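protein.txt, holding compact mmCIF, N, CA and C atoms:
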# COMPACT_ATOMS: atom_id res chain seq x y z
N ASP A 29 138.99 137.99 62.50
CA ASP A 29 139.96 137.77 63.54
C ASP A 29 140.84 139.00 63.64
N SER A 30 140.73 139.74 64.74
CA SER A 30 141.50 140.97 64.89
C SER A 30 143.00 140.71 65.05
N LEU A 31 143.41 139.46 65.31
CA LEU A 31 144.83 139.13 65.39
C LEU A 31 145.49 139.26 64.03
N GLN A 32 144.72 139.14 62.96
CA GLN A 32 145.25 139.20 61.61
C GLN A 32 145.48 140.63 61.12
N LEU A 33 145.02 141.63 61.86
CA LEU A 33 145.20 143.02 61.46
C LEU A 33 146.67 143.42 61.60
N ALA A 34 147.17 144.15 60.64
CA ALA A 34 148.56 144.61 60.68
C ALA A 34 148.71 145.71 61.73
N PRO A 35 149.82 145.70 62.50
CA PRO A 35 150.01 146.76 63.49
C PRO A 35 150.30 148.10 62.81
N ALA A 36 149.97 149.16 63.50
CA ALA A 36 150.24 150.50 62.97
C ALA A 36 151.74 150.71 62.86
N MET A 37 152.16 151.39 61.81
CA MET A 37 153.58 151.65 61.60
C MET A 37 154.14 152.45 62.78
N GLY A 38 155.29 152.05 63.26
CA GLY A 38 155.96 152.76 64.35
C GLY A 38 155.43 152.43 65.73
N LEU A 39 154.43 151.58 65.81
CA LEU A 39 153.85 151.21 67.09
C LEU A 39 154.68 150.12 67.74
N ARG A 40 155.11 150.34 68.95
CA ARG A 40 155.88 149.34 69.68
C ARG A 40 154.95 148.31 70.29
N SER A 41 155.45 147.09 70.38
CA SER A 41 154.62 146.08 71.02
C SER A 41 154.63 146.31 72.52
N GLY A 42 153.52 145.99 73.13
CA GLY A 42 153.39 146.18 74.57
C GLY A 42 152.63 145.02 75.16
N ALA A 43 151.76 145.35 76.07
CA ALA A 43 150.95 144.32 76.72
C ALA A 43 150.04 143.65 75.68
N ALA A 44 149.67 142.45 75.98
CA ALA A 44 148.78 141.72 75.08
C ALA A 44 147.47 142.48 74.90
N ALA A 45 147.00 142.53 73.68
CA ALA A 45 145.79 143.28 73.37
C ALA A 45 144.59 142.34 73.31
N PRO A 46 143.42 142.88 73.59
CA PRO A 46 142.21 142.08 73.43
C PRO A 46 142.07 141.64 71.97
N ARG A 47 141.37 140.54 71.78
CA ARG A 47 141.19 139.98 70.44
C ARG A 47 139.72 139.67 70.23
N GLN A 48 139.23 139.98 69.04
CA GLN A 48 137.85 139.69 68.69
C GLN A 48 137.83 138.75 67.49
N LEU A 49 136.96 137.74 67.56
CA LEU A 49 136.78 136.79 66.46
C LEU A 49 135.30 136.71 66.14
N LEU A 50 134.96 136.69 64.86
CA LEU A 50 133.58 136.57 64.42
C LEU A 50 133.46 135.35 63.51
N PHE A 51 132.47 134.52 63.76
CA PHE A 51 132.23 133.32 62.97
C PHE A 51 130.76 133.27 62.59
N SER A 52 130.47 132.68 61.44
CA SER A 52 129.10 132.42 61.02
C SER A 52 128.94 130.92 60.83
N ALA A 53 127.83 130.39 61.32
CA ALA A 53 127.54 128.96 61.18
C ALA A 53 126.04 128.83 60.94
N GLY A 54 125.66 128.63 59.68
CA GLY A 54 124.24 128.53 59.36
C GLY A 54 123.52 129.81 59.74
N GLU A 55 122.48 129.67 60.54
CA GLU A 55 121.70 130.85 60.95
C GLU A 55 122.28 131.56 62.17
N TYR A 56 123.41 131.10 62.67
CA TYR A 56 124.00 131.68 63.88
C TYR A 56 125.31 132.40 63.57
N ASP A 57 125.57 133.45 64.34
CA ASP A 57 126.85 134.14 64.33
C ASP A 57 127.43 134.05 65.73
N LEU A 58 128.76 133.88 65.81
CA LEU A 58 129.46 133.85 67.09
C LEU A 58 130.36 135.06 67.18
N ASP A 59 130.22 135.84 68.22
CA ASP A 59 131.08 136.98 68.51
C ASP A 59 131.90 136.59 69.73
N LEU A 60 133.20 136.35 69.54
CA LEU A 60 134.08 135.91 70.62
C LEU A 60 135.10 136.98 70.95
N ARG A 61 135.43 137.10 72.23
CA ARG A 61 136.43 138.07 72.67
C ARG A 61 137.39 137.41 73.66
N LEU A 62 138.67 137.62 73.42
CA LEU A 62 139.73 137.13 74.31
C LEU A 62 140.44 138.35 74.87
N THR A 63 140.46 138.45 76.20
CA THR A 63 141.03 139.61 76.87
C THR A 63 141.99 139.14 77.96
N PRO A 64 143.20 139.74 78.04
CA PRO A 64 144.11 139.36 79.12
C PRO A 64 143.46 139.60 80.49
N ALA A 65 143.51 138.61 81.36
CA ALA A 65 142.95 138.75 82.70
C ALA A 65 143.88 139.60 83.55
N GLU A 66 143.32 140.54 84.28
CA GLU A 66 144.14 141.45 85.07
C GLU A 66 144.72 140.79 86.31
N GLN A 67 143.99 139.88 86.93
CA GLN A 67 144.42 139.32 88.20
C GLN A 67 145.22 138.02 88.06
N THR A 68 145.25 137.44 86.85
CA THR A 68 145.95 136.17 86.66
C THR A 68 146.78 136.23 85.38
N ASP A 69 147.52 135.17 85.12
CA ASP A 69 148.27 135.07 83.87
C ASP A 69 147.40 134.58 82.72
N GLY A 70 146.13 134.39 82.98
CA GLY A 70 145.23 133.79 82.00
C GLY A 70 144.56 134.79 81.09
N TRP A 71 143.60 134.26 80.36
CA TRP A 71 142.82 135.04 79.41
C TRP A 71 141.34 134.85 79.71
N LEU A 72 140.56 135.92 79.61
CA LEU A 72 139.11 135.84 79.75
C LEU A 72 138.53 135.57 78.37
N PHE A 73 137.65 134.60 78.29
CA PHE A 73 137.03 134.19 77.04
C PHE A 73 135.54 134.46 77.18
N THR A 74 135.04 135.45 76.48
CA THR A 74 133.63 135.81 76.54
C THR A 74 133.05 135.82 75.13
N GLY A 75 131.74 135.83 75.04
CA GLY A 75 131.15 135.88 73.71
C GLY A 75 129.64 135.90 73.75
N GLN A 76 129.09 135.86 72.53
CA GLN A 76 127.64 135.87 72.37
C GLN A 76 127.29 135.09 71.12
N VAL A 77 126.23 134.30 71.22
CA VAL A 77 125.68 133.59 70.08
C VAL A 77 124.50 134.40 69.59
N LEU A 78 124.55 134.80 68.34
CA LEU A 78 123.49 135.62 67.75
C LEU A 78 122.75 134.81 66.71
N GLY A 79 121.44 134.92 66.68
CA GLY A 79 120.64 134.20 65.70
C GLY A 79 119.22 134.73 65.70
N SER A 80 118.37 134.09 64.94
CA SER A 80 116.99 134.55 64.82
C SER A 80 116.21 134.36 66.13
N ASP A 81 116.54 133.33 66.86
CA ASP A 81 115.90 133.08 68.16
C ASP A 81 116.95 133.26 69.26
N THR A 82 116.49 133.54 70.46
CA THR A 82 117.40 133.59 71.58
C THR A 82 117.84 132.17 71.90
N PRO A 83 119.13 131.87 71.69
CA PRO A 83 119.57 130.49 71.90
C PRO A 83 119.71 130.15 73.37
N THR A 84 119.50 128.89 73.67
CA THR A 84 119.80 128.35 74.99
C THR A 84 120.79 127.21 74.77
N GLY A 85 121.70 127.05 75.70
CA GLY A 85 122.66 125.97 75.56
C GLY A 85 123.89 126.18 76.41
N ARG A 86 124.96 125.46 76.04
CA ARG A 86 126.22 125.49 76.79
C ARG A 86 127.37 125.72 75.84
N VAL A 87 128.42 126.31 76.39
CA VAL A 87 129.66 126.54 75.66
C VAL A 87 130.77 125.79 76.39
N THR A 88 131.57 125.04 75.63
CA THR A 88 132.71 124.31 76.19
C THR A 88 133.95 124.71 75.41
N VAL A 89 135.02 125.00 76.14
CA VAL A 89 136.32 125.27 75.53
C VAL A 89 137.29 124.24 76.09
N GLU A 90 137.89 123.48 75.19
CA GLU A 90 138.78 122.40 75.59
C GLU A 90 140.17 122.61 75.01
N GLY A 91 141.17 122.54 75.91
CA GLY A 91 142.57 122.64 75.51
C GLY A 91 143.31 121.38 75.89
N ALA A 92 144.63 121.42 75.74
CA ALA A 92 145.44 120.24 76.03
C ALA A 92 145.39 119.85 77.51
N THR A 93 145.24 120.84 78.39
CA THR A 93 145.29 120.53 79.82
C THR A 93 144.05 120.96 80.60
N SER A 94 143.08 121.58 79.92
CA SER A 94 141.92 122.04 80.69
C SER A 94 140.66 122.07 79.82
N VAL A 95 139.52 122.01 80.52
CA VAL A 95 138.21 122.14 79.90
C VAL A 95 137.41 123.09 80.79
N VAL A 96 136.81 124.12 80.18
CA VAL A 96 135.95 125.04 80.93
C VAL A 96 134.61 125.13 80.21
N GLU A 97 133.55 125.35 81.00
CA GLU A 97 132.20 125.39 80.46
C GLU A 97 131.42 126.55 81.06
N ALA A 98 130.41 126.98 80.32
CA ALA A 98 129.49 128.00 80.81
C ALA A 98 128.17 127.85 80.08
N SER A 99 127.11 128.27 80.74
CA SER A 99 125.78 128.29 80.12
C SER A 99 125.59 129.61 79.40
N LEU A 100 124.75 129.59 78.37
CA LEU A 100 124.38 130.82 77.69
C LEU A 100 123.34 131.56 78.51
N SER A 101 123.45 132.88 78.55
CA SER A 101 122.46 133.70 79.24
C SER A 101 121.21 133.82 78.37
N LEU A 102 120.21 134.53 78.85
CA LEU A 102 118.99 134.75 78.08
C LEU A 102 119.25 135.53 76.80
N LEU A 103 120.38 136.25 76.74
CA LEU A 103 120.75 137.01 75.54
C LEU A 103 121.76 136.25 74.68
N GLY A 104 122.04 135.00 75.05
CA GLY A 104 122.99 134.21 74.28
C GLY A 104 124.44 134.51 74.62
N GLU A 105 124.69 135.19 75.74
CA GLU A 105 126.05 135.56 76.14
C GLU A 105 126.64 134.51 77.07
N PHE A 106 127.98 134.47 77.11
CA PHE A 106 128.67 133.58 78.03
C PHE A 106 129.99 134.21 78.48
N VAL A 107 130.42 133.82 79.68
CA VAL A 107 131.71 134.23 80.24
C VAL A 107 132.33 132.97 80.83
N LEU A 108 133.52 132.63 80.35
CA LEU A 108 134.21 131.44 80.85
C LEU A 108 135.24 131.84 81.90
N PRO A 109 135.58 130.93 82.82
CA PRO A 109 136.67 131.21 83.76
C PRO A 109 137.96 131.45 82.99
N PRO A 110 138.93 132.17 83.58
CA PRO A 110 140.20 132.42 82.87
C PRO A 110 140.87 131.13 82.42
N ILE A 111 141.47 131.19 81.23
CA ILE A 111 142.20 130.05 80.67
C ILE A 111 143.63 130.49 80.37
N THR A 112 144.54 129.54 80.30
CA THR A 112 145.93 129.85 80.00
C THR A 112 146.13 129.91 78.49
N ALA A 113 147.26 130.45 78.07
CA ALA A 113 147.57 130.53 76.64
C ALA A 113 147.69 129.12 76.07
N GLY A 114 147.31 128.97 74.82
CA GLY A 114 147.39 127.67 74.15
C GLY A 114 146.37 127.58 73.04
N ASN A 115 146.21 126.41 72.47
CA ASN A 115 145.24 126.17 71.42
C ASN A 115 144.02 125.46 72.00
N TYR A 116 142.84 125.93 71.62
CA TYR A 116 141.60 125.42 72.17
C TYR A 116 140.58 125.12 71.08
N THR A 117 139.64 124.25 71.40
CA THR A 117 138.49 123.97 70.56
C THR A 117 137.25 124.47 71.29
N LEU A 118 136.42 125.21 70.59
CA LEU A 118 135.19 125.75 71.15
C LEU A 118 134.01 124.95 70.61
N VAL A 119 133.13 124.51 71.51
CA VAL A 119 131.91 123.81 71.11
C VAL A 119 130.73 124.53 71.74
N VAL A 120 129.78 124.94 70.90
CA VAL A 120 128.54 125.55 71.37
C VAL A 120 127.43 124.54 71.13
N GLN A 121 126.84 124.07 72.21
CA GLN A 121 125.77 123.08 72.12
C GLN A 121 124.45 123.80 72.32
N LEU A 122 123.66 123.89 71.24
CA LEU A 122 122.36 124.54 71.27
C LEU A 122 121.27 123.48 71.22
N ALA A 123 120.03 123.88 71.42
CA ALA A 123 118.92 122.92 71.40
C ALA A 123 118.79 122.26 70.03
N ASP A 124 119.06 123.02 68.96
CA ASP A 124 118.85 122.49 67.62
C ASP A 124 120.12 122.38 66.78
N ALA A 125 121.27 122.67 67.36
CA ALA A 125 122.52 122.64 66.57
C ALA A 125 123.73 122.53 67.50
N GLU A 126 124.83 122.09 66.91
CA GLU A 126 126.11 122.11 67.60
C GLU A 126 127.10 122.80 66.69
N ILE A 127 127.79 123.80 67.22
CA ILE A 127 128.77 124.57 66.46
C ILE A 127 130.14 124.30 67.05
N THR A 128 131.10 123.90 66.21
CA THR A 128 132.45 123.63 66.67
C THR A 128 133.42 124.53 65.92
N VAL A 129 134.31 125.18 66.67
CA VAL A 129 135.38 125.98 66.10
C VAL A 129 136.68 125.35 66.56
N ASP A 130 137.42 124.78 65.62
CA ASP A 130 138.70 124.12 65.94
C ASP A 130 139.83 125.13 65.99
N THR A 131 140.77 124.87 66.86
CA THR A 131 142.04 125.57 66.95
C THR A 131 141.91 127.09 67.03
N ILE A 132 141.46 127.54 68.17
CA ILE A 132 141.50 128.96 68.50
C ILE A 132 142.77 129.19 69.31
N GLN A 133 143.64 130.03 68.80
CA GLN A 133 144.90 130.32 69.49
C GLN A 133 144.65 131.41 70.53
N VAL A 134 144.95 131.10 71.78
CA VAL A 134 144.78 132.02 72.88
C VAL A 134 146.16 132.45 73.37
N GLY A 135 146.39 133.74 73.49
CA GLY A 135 147.71 134.22 73.92
C GLY A 135 148.67 134.30 72.77
N SER A 136 149.93 134.44 73.11
CA SER A 136 150.95 134.59 72.05
C SER A 136 151.18 133.31 71.39

Please express what this file holds, its structure, as structure tokens.
Amino acid sequence: DSLQLAPAMGLRSGAAAPRQLLFSAGEYDLDLRLTPAEQTDGWLFTGQVLGSDTPTGRVTVEGATSVVEASLSLLGEFVLPPITAGNYTLVVQLADAEITVDTIQVGS
């Protein structure tokens, strides 16, 4: 989780920075990226499911007030519509497995 990295000494805080999260679940790895959306107050949530086979499936991100979904591409990639800051649960539904990541903090 790149949010856990200490800031450089003397660096002033500025605009929200992109964030990368890496998770392992059995034979799969999840590479997630949260990036401030330029056109809205939201965040872009993108990622890729990596494993021995090219996965097929769906990704769902659920928060207190919204749920967004996307299908995995042929490379296991996904791009979700912009979401607002808050806490979310990510569920990756694959043909042979379901991966759940609880409490992903989006935004400040």

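When the distance limit is 7 Å and only C-alpha atoms are what count, the residues near Asn115 in chain A, minus those fewer than 5 positions from it on the same chain, are A:Gly91, A:Thr131, A:Ile132, A:Gln133, A:Val134.
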
What would the file look like if the residues just selected were written as a CSV table (one decimal), keeping the file's coordinate frame with N, CA and C atoms?
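Listed below is the output, part-v7.csv:
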chain,number,residue,atom,x,y,z
A,91,GLY,N,141.2,122.5,75.9
A,91,GLY,CA,142.6,122.6,75.5
A,91,GLY,C,143.3,121.4,75.9
A,131,THR,N,140.8,124.9,66.9
A,131,THR,CA,142.0,125.6,67.0
A,131,THR,C,141.9,127.1,67.0
A,132,ILE,N,141.5,127.5,68.2
A,132,ILE,CA,141.5,129.0,68.5
A,132,ILE,C,142.8,129.2,69.3
A,133,GLN,N,143.6,130.0,68.8
A,133,GLN,CA,144.9,130.3,69.5
A,133,GLN,C,144.6,131.4,70.5
A,134,VAL,N,145.0,131.1,71.8
A,134,VAL,CA,144.8,132.0,72.9
A,134,VAL,C,146.2,132.4,73.4

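The space between atom C of Thr128 in chain A and CA of Asp81 in chain A spans 19.6 Å.
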
task: Find, counting all atoms listed in the file, the residue in A:Gln121, A:Gln48, A:Thr68, A:Thr74 that gets nearest to Leu108 in chain A.
output: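 Ranked by minimum distance to Leu108 in chain A, first place goes to A:Thr74.
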
field: Exercise: Leu58 in chain A partners within 9 Å, only C-alpha atoms, chain neighbours under 6 positions left out, as a VMD selection string
entry: chain A and resid 49 to 52 75 to 79

- prompt: Just asking: which residues within chain A are strand (DSSP E) according to DSSP, as number ranges by chain?
  reply: A: 47-53, 56-64, 71-78, 85-90, 95-99, 105-111, 114-122, 126-134

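Atom C of Leu102 in chain A to atom N of Arg47 in chain A spans 23.2 Å [interatomic distance, one decimal].
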
May I have the residues within 7 Å of Val120 in chain A as a PDB file with N, CA and C atoms, in the frame of the given file, using only N, CA and C atoms and disregarding those fewer than 2 positions away in the same chain?
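Full text of result_16.pdb as output:
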ATOM      1  N   GLY A  85     121.700 127.050  75.700  1.00  0.00           N
ATOM      2  CA  GLY A  85     122.660 125.970  75.560  1.00  0.00           C
ATOM      3  C   GLY A  85     123.890 126.180  76.410  1.00  0.00           C
ATOM      4  N   ARG A  86     124.960 125.460  76.040  1.00  0.00           N
ATOM      5  CA  ARG A  86     126.220 125.490  76.790  1.00  0.00           C
ATOM      6  C   ARG A  86     127.370 125.720  75.840  1.00  0.00           C
ATOM      7  N   VAL A  87     128.420 126.310  76.390  1.00  0.00           N
ATOM      8  CA  VAL A  87     129.660 126.540  75.660  1.00  0.00           C
ATOM      9  C   VAL A  87     130.770 125.790  76.390  1.00  0.00           C
ATOM     10  N   THR A  88     131.570 125.040  75.630  1.00  0.00           N
ATOM     11  CA  THR A  88     132.710 124.310  76.190  1.00  0.00           C
ATOM     12  C   THR A  88     133.950 124.710  75.410  1.00  0.00           C
ATOM     13  N   LEU A 118     136.420 125.210  70.590  1.00  0.00           N
ATOM     14  CA  LEU A 118     135.190 125.750  71.150  1.00  0.00           C
ATOM     15  C   LEU A 118     134.010 124.950  70.610  1.00  0.00           C
ATOM     16  N   LEU A 122     123.660 123.890  71.240  1.00  0.00           N
ATOM     17  CA  LEU A 122     122.360 124.540  71.270  1.00  0.00           C
ATOM     18  C   LEU A 122     121.270 123.480  71.220  1.00  0.00           C
ATOM     19  N   ALA A 125     121.270 122.670  67.360  1.00  0.00           N
ATOM     20  CA  ALA A 125     122.520 122.640  66.570  1.00  0.00           C
ATOM     21  C   ALA A 125     123.730 122.530  67.500  1.00  0.00           C
ATOM     22  N   GLU A 126     124.830 122.090  66.910  1.00  0.00           N
ATOM     23  CA  GLU A 126     126.110 122.110  67.600  1.00  0.00           C
ATOM     24  C   GLU A 126     127.100 122.800  66.690  1.00  0.00           C
ATOM     25  N   ILE A 127     127.790 123.800  67.220  1.00  0.00           N
ATOM     26  CA  ILE A 127     128.770 124.570  66.460  1.00  0.00           C
ATOM     27  C   ILE A 127     130.140 124.300  67.050  1.00  0.00           C
ATOM     28  N   THR A 128     131.100 123.900  66.210  1.00  0.00           N
ATOM     29  CA  THR A 128     132.450 123.630  66.670  1.00  0.00           C
ATOM     30  C   THR A 128     133.420 124.530  65.920  1.00  0.00           C
ATOM     31  N   VAL A 129     134.310 125.180  66.670  1.00  0.00           N
ATOM     32  CA  VAL A 129     135.380 125.980  66.100  1.00  0.00           C
ATOM     33  C   VAL A 129     136.680 125.350  66.560  1.00  0.00           C
TER      34      VAL A 129
END

- prompt: Do you have the atom C of Gly114 in chain A-CA of Ala92 in chain A distance handy?
  reply: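 Interatomic distance, atom C of Gly114 in chain A to CA of Ala92 in chain A: 8.0 Å.
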
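Proximity to Glu90 in chain A was assessed for A:Asp59, A:Glu105, A:Asp69, A:Tyr116 counting all atoms listed in the file; the smallest distance is recorded for A:Tyr116.
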
Complete range 41-67 of chain A at the level of N, CA, C and O atoms, written as a PDB file, in the coordinates of the input.
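Result saved to part.pdb:
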ATOM      1  N   SER A  41     155.450 147.090  70.380  1.00  0.00           N
ATOM      2  CA  SER A  41     154.620 146.080  71.020  1.00  0.00           C
ATOM      3  C   SER A  41     154.630 146.310  72.520  1.00  0.00           C
ATOM      4  O   SER A  41     155.594 146.780  73.092  1.00  0.00           O
ATOM      5  N   GLY A  42     153.520 145.990  73.130  1.00  0.00           N
ATOM      6  CA  GLY A  42     153.390 146.180  74.570  1.00  0.00           C
ATOM      7  C   GLY A  42     152.630 145.020  75.160  1.00  0.00           C
ATOM      8  O   GLY A  42     152.808 143.880  74.772  1.00  0.00           O
ATOM      9  N   ALA A  43     151.760 145.350  76.070  1.00  0.00           N
ATOM     10  CA  ALA A  43     150.950 144.320  76.720  1.00  0.00           C
ATOM     11  C   ALA A  43     150.040 143.650  75.680  1.00  0.00           C
ATOM     12  O   ALA A  43     149.719 144.223  74.648  1.00  0.00           O
ATOM     13  N   ALA A  44     149.670 142.450  75.980  1.00  0.00           N
ATOM     14  CA  ALA A  44     148.780 141.720  75.080  1.00  0.00           C
ATOM     15  C   ALA A  44     147.470 142.480  74.900  1.00  0.00           C
ATOM     16  O   ALA A  44     146.913 143.013  75.853  1.00  0.00           O
ATOM     17  N   ALA A  45     147.000 142.530  73.680  1.00  0.00           N
ATOM     18  CA  ALA A  45     145.790 143.280  73.370  1.00  0.00           C
ATOM     19  C   ALA A  45     144.590 142.340  73.310  1.00  0.00           C
ATOM     20  O   ALA A  45     144.736 141.160  73.016  1.00  0.00           O
ATOM     21  N   PRO A  46     143.420 142.880  73.590  1.00  0.00           N
ATOM     22  CA  PRO A  46     142.210 142.080  73.430  1.00  0.00           C
ATOM     23  C   PRO A  46     142.070 141.640  71.970  1.00  0.00           C
ATOM     24  O   PRO A  46     142.568 142.286  71.066  1.00  0.00           O
ATOM     25  N   ARG A  47     141.370 140.540  71.780  1.00  0.00           N
ATOM     26  CA  ARG A  47     141.190 139.980  70.440  1.00  0.00           C
ATOM     27  C   ARG A  47     139.720 139.670  70.230  1.00  0.00           C
ATOM     28  O   ARG A  47     139.052 139.154  71.119  1.00  0.00           O
ATOM     29  N   GLN A  48     139.230 139.980  69.040  1.00  0.00           N
ATOM     30  CA  GLN A  48     137.850 139.690  68.690  1.00  0.00           C
ATOM     31  C   GLN A  48     137.830 138.750  67.490  1.00  0.00           C
ATOM     32  O   GLN A  48     138.578 138.930  66.525  1.00  0.00           O
ATOM     33  N   LEU A  49     136.960 137.740  67.560  1.00  0.00           N
ATOM     34  CA  LEU A  49     136.780 136.790  66.460  1.00  0.00           C
ATOM     35  C   LEU A  49     135.300 136.710  66.140  1.00  0.00           C
ATOM     36  O   LEU A  49     134.471 136.655  67.056  1.00  0.00           O
ATOM     37  N   LEU A  50     134.960 136.690  64.860  1.00  0.00           N
ATOM     38  CA  LEU A  50     133.580 136.570  64.420  1.00  0.00           C
ATOM     39  C   LEU A  50     133.460 135.350  63.510  1.00  0.00           C
ATOM     40  O   LEU A  50     134.267 135.180  62.595  1.00  0.00           O
ATOM     41  N   PHE A  51     132.470 134.520  63.760  1.00  0.00           N
ATOM     42  CA  PHE A  51     132.230 133.320  62.970  1.00  0.00           C
ATOM     43  C   PHE A  51     130.760 133.270  62.590  1.00  0.00           C
ATOM     44  O   PHE A  51     129.899 133.721  63.341  1.00  0.00           O
ATOM     45  N   SER A  52     130.470 132.680  61.440  1.00  0.00           N
ATOM     46  CA  SER A  52     129.100 132.420  61.020  1.00  0.00           C
ATOM     47  C   SER A  52     128.940 130.920  60.830  1.00  0.00           C
ATOM     48  O   SER A  52     129.817 130.263  60.257  1.00  0.00           O
ATOM     49  N   ALA A  53     127.830 130.390  61.320  1.00  0.00           N
ATOM     50  CA  ALA A  53     127.540 128.960  61.180  1.00  0.00           C
ATOM     51  C   ALA A  53     126.040 128.830  60.940  1.00  0.00           C
ATOM     52  O   ALA A  53     125.245 128.932  61.883  1.00  0.00           O
ATOM     53  N   GLY A  54     125.660 128.630  59.680  1.00  0.00           N
ATOM     54  CA  GLY A  54     124.240 128.530  59.360  1.00  0.00           C
ATOM     55  C   GLY A  54     123.520 129.810  59.740  1.00  0.00           C
ATOM     56  O   GLY A  54     123.917 130.895  59.335  1.00  0.00           O
ATOM     57  N   GLU A  55     122.480 129.670  60.540  1.00  0.00           N
ATOM     58  CA  GLU A  55     121.700 130.850  60.950  1.00  0.00           C
ATOM     59  C   GLU A  55     122.280 131.560  62.170  1.00  0.00           C
ATOM     60  O   GLU A  55     121.704 132.531  62.653  1.00  0.00           O
ATOM     61  N   TYR A  56     123.410 131.100  62.670  1.00  0.00           N
ATOM     62  CA  TYR A  56     124.000 131.680  63.880  1.00  0.00           C
ATOM     63  C   TYR A  56     125.310 132.400  63.570  1.00  0.00           C
ATOM     64  O   TYR A  56     126.066 132.013  62.685  1.00  0.00           O
ATOM     65  N   ASP A  57     125.570 133.450  64.340  1.00  0.00           N
ATOM     66  CA  ASP A  57     126.850 134.140  64.330  1.00  0.00           C
ATOM     67  C   ASP A  57     127.430 134.050  65.730  1.00  0.00           C
ATOM     68  O   ASP A  57     126.701 134.119  66.724  1.00  0.00           O
ATOM     69  N   LEU A  58     128.760 133.880  65.810  1.00  0.00           N
ATOM     70  CA  LEU A  58     129.460 133.850  67.090  1.00  0.00           C
ATOM     71  C   LEU A  58     130.360 135.060  67.180  1.00  0.00           C
ATOM     72  O   LEU A  58     131.198 135.286  66.301  1.00  0.00           O
ATOM     73  N   ASP A  59     130.220 135.840  68.220  1.00  0.00           N
ATOM     74  CA  ASP A  59     131.080 136.980  68.510  1.00  0.00           C
ATOM     75  C   ASP A  59     131.900 136.590  69.730  1.00  0.00           C
ATOM     76  O   ASP A  59     131.361 136.461  70.825  1.00  0.00           O
ATOM     77  N   LEU A  60     133.200 136.350  69.540  1.00  0.00           N
ATOM     78  CA  LEU A  60     134.080 135.910  70.620  1.00  0.00           C
ATOM     79  C   LEU A  60     135.100 136.980  70.950  1.00  0.00           C
ATOM     80  O   LEU A  60     135.601 137.667  70.057  1.00  0.00           O
ATOM     81  N   ARG A  61     135.430 137.100  72.230  1.00  0.00           N
ATOM     82  CA  ARG A  61     136.430 138.070  72.670  1.00  0.00           C
ATOM     83  C   ARG A  61     137.390 137.410  73.660  1.00  0.00           C
ATOM     84  O   ARG A  61     136.954 136.741  74.600  1.00  0.00           O
ATOM     85  N   LEU A  62     138.670 137.620  73.420  1.00  0.00           N
ATOM     86  CA  LEU A  62     139.730 137.130  74.310  1.00  0.00           C
ATOM     87  C   LEU A  62     140.440 138.350  74.870  1.00  0.00           C
ATOM     88  O   LEU A  62     140.949 139.185  74.128  1.00  0.00           O
ATOM     89  N   THR A  63     140.460 138.450  76.200  1.00  0.00           N
ATOM     90  CA  THR A  63     141.030 139.610  76.870  1.00  0.00           C
ATOM     91  C   THR A  63     141.990 139.140  77.960  1.00  0.00           C
ATOM     92  O   THR A  63     141.652 138.232  78.721  1.00  0.00           O
ATOM     93  N   PRO A  64     143.200 139.740  78.040  1.00  0.00           N
ATOM     94  CA  PRO A  64     144.110 139.360  79.120  1.00  0.00           C
ATOM     95  C   PRO A  64     143.460 139.600  80.490  1.00  0.00           C
ATOM     96  O   PRO A  64     142.876 140.654  80.722  1.00  0.00           O
ATOM     97  N   ALA A  65     143.510 138.610  81.360  1.00  0.00           N
ATOM     98  CA  ALA A  65     142.950 138.750  82.700  1.00  0.00           C
ATOM     99  C   ALA A  65     143.880 139.600  83.550  1.00  0.00           C
ATOM    100  O   ALA A  65     145.091 139.389  83.543  1.00  0.00           O
ATOM    101  N   GLU A  66     143.320 140.540  84.280  1.00  0.00           N
ATOM    102  CA  GLU A  66     144.140 141.450  85.070  1.00  0.00           C
ATOM    103  C   GLU A  66     144.720 140.790  86.310  1.00  0.00           C
ATOM    104  O   GLU A  66     145.818 141.116  86.725  1.00  0.00           O
ATOM    105  N   GLN A  67     143.990 139.880  86.930  1.00  0.00           N
ATOM    106  CA  GLN A  67     144.420 139.320  88.200  1.00  0.00           C
ATOM    107  C   GLN A  67     145.220 138.020  88.060  1.00  0.00           C
ATOM    108  O   GLN A  67     145.784 137.544  89.035  1.00  0.00           O
TER     109      GLN A  67
END
